[in-house]
Amino acid sequence: MPRSKDLDTIAPDDLIVVDSVPEPKKPTPVKKTVVVKKTVPVIEEPVVASDNILAQKIYDIFGHTKSPFSAALVFPKVFSFAEQNDGEVVLLALRSHWFTNTSWILMAIFMFTVPSLVPLIPIPGLDGGLRILLSFTWYLITFAYSFEKFISWYFDVSIVTNRRVVDIDFNNLLDKKFSEAELSKIQDISSRVSGVSQTFLNYGTVLIQTAAEQNVIVFEKVPFPGKITKLLQDLRFSESEKDKDGGQE
């Protein structure tokens, strides 16, 4: 059978060399950088005021107080009052200066020492049993007197919130008076410091004239009357600016 001329003649035993086909390159594994996002817990700070600048200003004026028995509590964390509204923040809680307690404290100390002085006074017919009973009764009266005075001082407070000023007169367990006025209704603020003790210990009375039903609110014998007056003036100015902005809108 005739063969085509264009075909190469290959012996049966000749090796057929086949060019090797390069293997396809494996793709270089791409190193994936895994970014692990750490979720940082957000610690919510207690809301101290709607305006952080105002909050810092109050701290600059009064500083920080930690003792719950302080006469001036700045943004107290464990302080509230029954008439407090939702969202209302207590900026400042004031009590009478600690020096105003010296009179009843001295009286209480004297009353506690009276039973120890009774044996020095010869009283006919006062035997041991009756003496013990009278001493116990006297100590009970002294404790009740001291406790009532302390409670009256502790709960008789003047309060400045982000919305109003409040005065709670807690005369005793059966007599409580509540007065309040919105910051926007404050018309005039004045303070008075009189006497040697008030001058040297820096406490006095702050008078707040208002357009509310209670036209005068008095913070009696509170510490730093000048600072309180400045704070109330700033709050009143802030409220008036808010009213102006609201009116323009």
# chains A, B, ... in the order shown; residues from 1 in each chain; ligands from 1
$ residues_around --residues "region 164-181 of chain A" --least-positions-apart "5" --cutoff "12 Å" --atoms "only C-alpha atoms" --output "VMD selection string"
chain A and resid 80 to 85 88 to 96 144 to 145 147 to 159 186 to 187 189 206 to 220 222 228 231 to 232 235 to 236 239
$ select_by_dssp --residues "region 95-223 of chain A" --states "helix (DSSP H, G or I)" --output "PyMOL selection string"
chain A and resi 98-120+128-155+183-185+196-201
$ write_last_selection --atoms "C-alpha atoms" --output "JSON list (two decimals), in the first residue's frame"
[["chain", "number", "residue", "atom", "x", "y", "z"],
["A", 98, "TRP", "CA", -21.90, 70.68, 110.30],
["A", 99, "PHE", "CA", -21.14, 73.45, 112.80],
["A", 100, "THR", "CA", -24.88, 73.98, 113.31],
["A", 101, "ASN", "CA", -24.98, 70.57, 115.03],
["A", 102, "THR", "CA", -22.56, 71.50, 117.82],
["A", 103, "SER", "CA", -25.27, 72.86, 120.15],
["A", 104, "TRP", "CA", -27.36, 69.69, 120.28],
["A", 105, "ILE", "CA", -24.28, 67.45, 120.28],
["A", 106, "LEU", "CA", -22.93, 69.23, 123.37],
["A", 107, "MET", "CA", -26.37, 68.98, 124.97],
["A", 108, "ALA", "CA", -26.52, 65.25, 124.23],
["A", 109, "ILE", "CA", -23.07, 64.73, 125.76],
["A", 110, "PHE", "CA", -24.15, 66.56, 128.90],
["A", 111, "MET", "CA", -27.36, 64.52, 129.12],
["A", 112, "PHE", "CA", -25.39, 61.27, 128.86],
["A", 113, "THR", "CA", -23.18, 62.33, 131.78],
["A", 114, "VAL", "CA", -26.07, 63.28, 134.10],
["A", 115, "PRO", "CA", -26.71, 59.72, 135.46],
["A", 116, "SER", "CA", -23.07, 59.44, 136.48],
["A", 117, "LEU", "CA", -23.45, 62.65, 138.53],
["A", 118, "VAL", "CA", -26.60, 61.53, 140.37],
["A", 119, "PRO", "CA", -24.74, 59.39, 142.97],
["A", 120, "LEU", "CA", -22.83, 62.49, 144.02],
["A", 128, "GLY", "CA", -30.40, 50.96, 143.80],
["A", 129, "GLY", "CA", -33.31, 49.51, 141.79],
["A", 130, "LEU", "CA", -35.06, 52.84, 141.36],
["A", 131, "ARG", "CA", -31.75, 54.49, 140.48],
["A", 132, "ILE", "CA", -31.15, 51.95, 137.67],
["A", 133, "LEU", "CA", -34.68, 52.43, 136.33],
["A", 134, "LEU", "CA", -34.34, 56.22, 136.29],
["A", 135, "SER", "CA", -30.93, 56.00, 134.64],
["A", 136, "PHE", "CA", -32.26, 53.70, 131.92],
["A", 137, "THR", "CA", -35.21, 56.03, 131.27],
["A", 138, "TRP", "CA", -32.90, 59.03, 131.13],
["A", 139, "TYR", "CA", -30.56, 57.35, 128.64],
["A", 140, "LEU", "CA", -33.56, 56.41, 126.49],
["A", 141, "ILE", "CA", -34.76, 60.02, 126.46],
["A", 142, "THR", "CA", -31.25, 61.22, 125.61],
["A", 143, "PHE", "CA", -30.98, 58.76, 122.73],
["A", 144, "ALA", "CA", -34.39, 59.79, 121.36],
["A", 145, "TYR", "CA", -33.41, 63.45, 121.57],
["A", 146, "SER", "CA", -30.09, 62.87, 119.76],
["A", 147, "PHE", "CA", -31.64, 60.65, 117.11],
["A", 148, "GLU", "CA", -34.42, 63.15, 116.36],
["A", 149, "LYS", "CA", -31.92, 66.00, 116.00],
["A", 150, "PHE", "CA", -29.70, 63.97, 113.69],
["A", 151, "ILE", "CA", -32.63, 62.82, 111.52],
["A", 152, "SER", "CA", -33.88, 66.40, 111.25],
["A", 153, "TRP", "CA", -30.43, 67.57, 110.11],
["A", 154, "TYR", "CA", -29.91, 64.65, 107.70],
["A", 155, "PHE", "CA", -33.27, 64.89, 105.91],
["A", 183, "LEU", "CA", -35.10, 77.07, 87.09],
["A", 184, "SER", "CA", -36.79, 79.17, 84.43],
["A", 185, "LYS", "CA", -38.91, 80.88, 87.11],
["A", 196, "VAL", "CA", -18.18, 85.07, 113.30],
["A", 197, "SER", "CA", -18.79, 81.35, 112.77],
["A", 198, "GLN", "CA", -20.43, 81.84, 109.35],
["A", 199, "THR", "CA", -17.66, 84.14, 108.19],
["A", 200, "PHE", "CA", -14.79, 81.87, 109.25],
["A", 201, "LEU", "CA", -16.46, 78.57, 108.26]]
$ residues_around --residues "region 59-64 of chain A" --least-positions-apart "4" --cutoff "9 Å" --atoms "only C-alpha atoms" --output "ChimeraX atom specification"
/A:54-55,72-75,224,227-228,230-231
$ select_by_dssp --residues "region 59-113 of chain A" --states "strand (DSSP E or B)" --output "number ranges by chain"
A: 72-74, 90-94
$ write_last_selection --atoms "C-alpha atoms" --output "mmCIF file, in the first residue's frame"
data_model
loop_
_atom_site.group_PDB
_atom_site.id
_atom_site.type_symbol
_atom_site.label_atom_id
_atom_site.label_comp_id
_atom_site.auth_asym_id
_atom_site.auth_seq_id
_atom_site.Cartn_x
_atom_site.Cartn_y
_atom_site.Cartn_z
ATOM 1 C CA ALA A 72 -22.681 69.511 100.172
ATOM 2 C CA LEU A 73 -23.149 66.494 97.898
ATOM 3 C CA VAL A 74 -22.202 66.979 94.234
ATOM 4 C CA VAL A 90 -29.774 65.850 91.270
ATOM 5 C CA LEU A 91 -26.872 68.215 90.688
ATOM 6 C CA LEU A 92 -26.389 69.349 94.264
ATOM 7 C CA ALA A 93 -27.845 68.309 97.633
ATOM 8 C CA LEU A 94 -27.239 70.625 100.580
#
$ atom_distance --atom1 "CA of Ile58 (chain A)" --atom2 "CA of Asp234 (chain A)"
9.8 Å
$ atom_distance --atom1 "CA of Ser67 (chain A)" --atom2 "CA of Asp86 (chain A)"
25.2 Å
$ decode --residues "region 67-80 of chain A" --atoms "N, CA and C atoms" --output "compact mmCIF listing (two decimals), in the first residue's frame"
# COMPACT_ATOMS: atom_id res chain seq x y z
N SER A 67 -18.45 61.41 100.95
CA SER A 67 -19.13 61.03 102.17
C SER A 67 -20.62 61.33 102.07
N PRO A 68 -21.50 60.36 102.37
CA PRO A 68 -22.94 60.63 102.34
C PRO A 68 -23.39 61.58 103.43
N PHE A 69 -22.53 61.84 104.42
CA PHE A 69 -22.87 62.75 105.51
C PHE A 69 -22.32 64.15 105.27
N SER A 70 -21.81 64.40 104.08
CA SER A 70 -21.30 65.73 103.78
C SER A 70 -22.45 66.72 103.69
N ALA A 71 -22.16 67.98 104.02
CA ALA A 71 -23.19 69.03 103.94
C ALA A 71 -23.41 69.49 102.52
N ALA A 72 -22.52 69.16 101.58
CA ALA A 72 -22.68 69.51 100.17
C ALA A 72 -22.33 68.30 99.32
N LEU A 73 -23.34 67.68 98.72
CA LEU A 73 -23.15 66.49 97.90
C LEU A 73 -23.27 66.89 96.42
N VAL A 74 -22.22 66.65 95.66
CA VAL A 74 -22.20 66.98 94.23
C VAL A 74 -22.50 65.71 93.44
N PHE A 75 -23.56 65.73 92.64
CA PHE A 75 -24.01 64.57 91.89
C PHE A 75 -24.05 63.31 92.76
N PRO A 76 -24.81 63.31 93.84
CA PRO A 76 -24.83 62.15 94.74
C PRO A 76 -25.37 60.91 94.03
N LYS A 77 -24.68 59.78 94.20
CA LYS A 77 -25.08 58.54 93.54
C LYS A 77 -26.18 57.80 94.30
N VAL A 78 -26.24 57.99 95.59
CA VAL A 78 -27.23 57.25 96.39
C VAL A 78 -28.17 58.22 97.09
N PHE A 79 -28.57 59.24 96.36
CA PHE A 79 -29.46 60.23 96.94
C PHE A 79 -30.65 60.42 96.01
N SER A 80 -31.84 60.40 96.58
CA SER A 80 -33.06 60.67 95.83
C SER A 80 -34.09 61.20 96.80
